Amino acid sequence: MPAARSRLSPDIDLDGDGKQTGFLRLPHSVHRSAYGWIPIPIAAIGRGAGPRVLLMAGNHGDELEGQVALGRLIRELQPGEVRGHVIILPSANFPAAMAGSRTSPIDGGNLNRSFPGDPGGGPTEQIAYYLESELLPRVDFVLDIHSGGSSLTYIPSTLGRRPDTPEAMEQALAMMRIFGAPFGYLNDVPLDGPTITAAAARAGTRHMSTELAGGGQVTPSALRIAEGGVRRVLHALGTLLSDPPSAEHQTRLMQVRGQDYYCYAPDGGLFEPLIELGAEVDAGTPAGLIHAHDTPWREPATARFSRRGTVICRRVPGRVERGDCLYHLATDLER
């Protein structure tokens, strides 16, 4: 049987020339609006034949840097600067973005754990299905801009799935250098995974993602990396004809290869971090103390790193539950 068609529909021509802005319409019948639809903002900027690129942010609604950067790009980028087509989806999980939440307030859905989606599922599953079945197959490259959101903060980084061939590896590493974040790392992402990284691999579409700062805020330095990096990637792909700004950073190439790269809270309580971002640590190094604020006379529990590595991410909120991620490591790339 042929695959079911997505219920989402754009009210702009994604293949047309010029600059168009509008909405992906996601039918949504509720008490307030029997025949309504969720308006997911989308833009398309095109001029003739050439590379086709999807830029997206707001996959998680509390990750703000990409949403600001892509909104500005929509306003600034003109068709005369473009060869081919750029599709921009600045708030992919729009209900989550409007709530400033990692997940959708409508169905609790985490878009980046919902692929390949379901055309008859809840709103988040329907968005994932549209992305995987209709948007990803029509583009050559997708850049999905993430950050640490409200619970984590990162040293700005690019990331992607570890490629299957030496040629694809060189392409991926070159694009990380071009984006120009301080770190770039590769993950071992299974092909059947629920993320857009895996979805892009299933579609045969080149992919890169980011983790740009976070902490529930937008910082000038992270935004500058995001905006310049997007333009450098578009220029390298042959889509942007105008010269992009030069990168401020030389990218350190790294890898994340298992759960031992993450440090978790062993108990609930108040998190006292002991390690700063960028630190080099060894297995067994104390990472933080978890204070039992309901019984403050007890000695705090100690969270420890499971392996050596460089600290690229740290939790922001001070209140934790057992199992919350406190830190995230990376190690230098081994090919």
# chains A, B, ... in the order shown; residues from 1 in each chain; ligands from 1

call {"tool": "residues_around", "arguments": {"residues": "A:Met56", "least_positions_apart": "2", "cutoff": "10 Å", "atoms": "only C-alpha atoms", "output": "list in words"}}
result
Ile42, Val53, Leu54, Gly58, Asn59, Gly66, Gln67, Leu70, Ile87, Ile88, Leu89, Pro90, Ser91, Ala92, Val142, Leu143, Asp144, Ile145, His146 and Ser209 of chain A

call {"tool": "residues_around", "arguments": {"residues": "stretch 107-123 of chain A", "least_positions_apart": "4", "cutoff": "7 Å", "atoms": "only C-alpha atoms", "output": "list in words"}}
result
Ala4, Ser6, Arg7, Asn59, His60, Asn93, Arg102, Thr103, Ile127, Ala128, Tyr129, Glu132, Pro194, Thr195, Ile196 and Ala199 of chain A

call {"tool": "closest_residue", "arguments": {"among": "A:Val256, A:Leu191, A:Ala200, A:Ile38", "to": "A:Arg307", "atoms": "only C-alpha atoms"}}
result
A:Val256

call {"tool": "closest_atom_pairs", "arguments": {"of": "stretch 227-268 of chain A", "to": "stretch 283-300 of chain A", "cutoff": "12 Å", "atoms": "only C-alpha atoms", "output": "Markdown table"}}
result
| residue | atom | partner | partner_atom | distance |
| --- | --- | --- | --- | --- |
| A:Asp260 | CA | A:Ala283 | CA | 9.6 |
| A:Tyr261 | CA | A:Ala283 | CA | 10.1 |
| A:Tyr262 | CA | A:Ala287 | CA | 10.9 |
| A:Cys263 | CA | A:Ala287 | CA | 7.8 |
| A:Tyr264 | CA | A:Ala287 | CA | 9.4 |
| A:Ala265 | CA | A:Ile290 | CA | 7.4 |
| A:Pro266 | CA | A:Ile290 | CA | 7.9 |
| A:Asp267 | CA | A:Ile290 | CA | 6.7 |
| A:Gly268 | CA | A:Ile290 | CA | 6.8 |

call {"tool": "write_last_selection", "arguments": {"atoms": "C-alpha atoms", "output": "PDB file, in the first residue's frame"}}
result
ATOM      1  CA  ASP A 260      29.022   6.793  29.748  1.00  0.00           C
ATOM      2  CA  TYR A 261      29.568  10.257  28.217  1.00  0.00           C
ATOM      3  CA  TYR A 262      26.654  11.530  30.341  1.00  0.00           C
ATOM      4  CA  CYS A 263      26.606  12.192  34.085  1.00  0.00           C
ATOM      5  CA  TYR A 264      23.295  11.815  35.928  1.00  0.00           C
ATOM      6  CA  ALA A 265      21.971  12.802  39.341  1.00  0.00           C
ATOM      7  CA  PRO A 266      22.191   9.806  41.710  1.00  0.00           C
ATOM      8  CA  ASP A 267      19.482  11.287  43.959  1.00  0.00           C
ATOM      9  CA  GLY A 268      17.004  14.147  44.135  1.00  0.00           C
TER      10      GLY A 268
END

call {"tool": "select_by_dssp", "arguments": {"residues": "stretch 24-246 of chain A", "states": "strand (DSSP E)", "output": "PyMOL selection string"}}
result
chain A and resi 24-27+37-47+52-56+84-89+141-146+152-154+157-161+183-187+206-211

call {"tool": "closest_residue", "arguments": {"among": "A:Leu274, A:Val233, A:Cys313, A:Ala226", "to": "A:Ala174", "atoms": "only C-alpha atoms"}}
result
A:Val233

call {"tool": "residues_around", "arguments": {"residues": "A:Gly318", "least_positions_apart": "5", "cutoff": "9 Å", "atoms": "only C-alpha atoms", "output": "PDB file with C-alpha atoms, in the first residue's frame"}}
result
ATOM      1  CA  GLY A 269      17.771  17.451  45.804  1.00  0.00           C
ATOM      2  CA  LEU A 270      19.747  20.646  45.243  1.00  0.00           C
ATOM      3  CA  PHE A 271      22.513  20.403  42.640  1.00  0.00           C
ATOM      4  CA  GLU A 272      25.864  21.972  43.494  1.00  0.00           C
ATOM      5  CA  PRO A 273      28.064  21.795  40.364  1.00  0.00           C
TER       6      PRO A 273
END

call {"tool": "select_by_dssp", "arguments": {"residues": "stretch 68-128 of chain A", "states": "alpha helix (DSSP H)", "output": "list in words"}}
result
Val68, Ala69, Leu70, Gly71, Arg72, Leu73, Ile74, Arg75, Glu76, Phe94, Pro95, Ala96, Ala97, Met98, Ala99, Pro123, Thr124, Glu125, Gln126, Ile127 and Ala128 of chain A

call {"tool": "atom_distance", "arguments": {"atom1": "atom CA of A:Val281", "atom2": "atom CA of A:His328"}}
result
11.3 Å

call {"tool": "residues_around", "arguments": {"residues": "A:Met176", "least_positions_apart": "2", "cutoff": "12 Å", "atoms": "only C-alpha atoms", "output": "ChimeraX atom specification"}}
result
/A:143,156-160,169-174,178-186,207-210,229-230,232-233,236,247,249-254

call {"tool": "closest_residue", "arguments": {"among": "A:Glu248, A:Val189, A:Arg202, A:Glu125", "to": "A:Ser104", "atoms": "only C-alpha atoms"}}
result
A:Glu125

call {"tool": "atom_distance", "arguments": {"atom1": "atom CA of A:Gln259", "atom2": "atom CA of A:Met175"}}
result
25.8 Å

call {"tool": "atom_distance", "arguments": {"atom1": "atom CA of A:Thr219", "atom2": "atom CA of A:Glu65"}}
result
7.9 Å

call {"tool": "decode", "arguments": {"residues": "stretch 183-199 of chain A", "atoms": "N, CA and C atoms", "output": "CSV table (one decimal), in the first residue's frame"}}
result
chain,number,residue,atom,x,y,z
A,183,PHE,N,33.1,23.7,19.1
A,183,PHE,CA,33.2,22.2,19.1
A,183,PHE,C,32.3,21.7,18.0
A,184,GLY,N,32.7,20.5,17.4
A,184,GLY,CA,31.8,19.8,16.5
A,184,GLY,C,32.0,18.3,16.8
A,185,TYR,N,30.9,17.6,17.0
A,185,TYR,CA,31.0,16.2,17.4
A,185,TYR,C,30.1,15.3,16.7
A,186,LEU,N,30.5,14.0,16.6
A,186,LEU,CA,29.7,13.0,15.9
A,186,LEU,C,29.1,12.0,16.9
A,187,ASN,N,27.9,11.6,16.7
A,187,ASN,CA,27.2,10.6,17.5
A,187,ASN,C,26.9,9.3,16.7
A,188,ASP,N,26.8,8.3,17.5
A,188,ASP,CA,26.4,7.0,16.9
A,188,ASP,C,24.9,6.9,16.9
A,189,VAL,N,24.3,7.3,15.9
A,189,VAL,CA,22.8,7.4,15.9
A,189,VAL,C,22.3,6.2,15.1
A,190,PRO,N,21.4,5.3,15.6
A,190,PRO,CA,20.9,4.2,14.9
A,190,PRO,C,20.0,4.7,13.8
A,191,LEU,N,20.0,4.0,12.7
A,191,LEU,CA,19.2,4.3,11.5
A,191,LEU,C,17.7,4.3,11.8
A,192,ASP,N,17.2,3.5,12.8
A,192,ASP,CA,15.8,3.4,13.1
A,192,ASP,C,15.5,4.3,14.3
A,193,GLY,N,16.3,5.3,14.6
A,193,GLY,CA,16.1,6.1,15.8
A,193,GLY,C,14.9,7.1,15.6
A,194,PRO,N,14.4,7.8,16.6
A,194,PRO,CA,13.3,8.6,16.6
A,194,PRO,C,13.6,10.1,16.4
A,195,THR,N,14.8,10.5,16.0
A,195,THR,CA,15.2,11.9,15.9
A,195,THR,C,15.2,12.3,14.4
A,196,ILE,N,15.3,13.6,14.2
A,196,ILE,CA,15.4,14.0,12.8
A,196,ILE,C,16.8,13.7,12.2
A,197,THR,N,17.8,13.4,13.0
A,197,THR,CA,19.1,13.0,12.5
A,197,THR,C,18.9,11.6,11.8
A,198,ALA,N,18.2,10.7,12.5
A,198,ALA,CA,17.9,9.4,11.9
A,198,ALA,C,17.0,9.5,10.7
A,199,ALA,N,16.0,10.4,10.8
A,199,ALA,CA,15.0,10.6,9.7
A,199,ALA,C,15.7,11.1,8.5
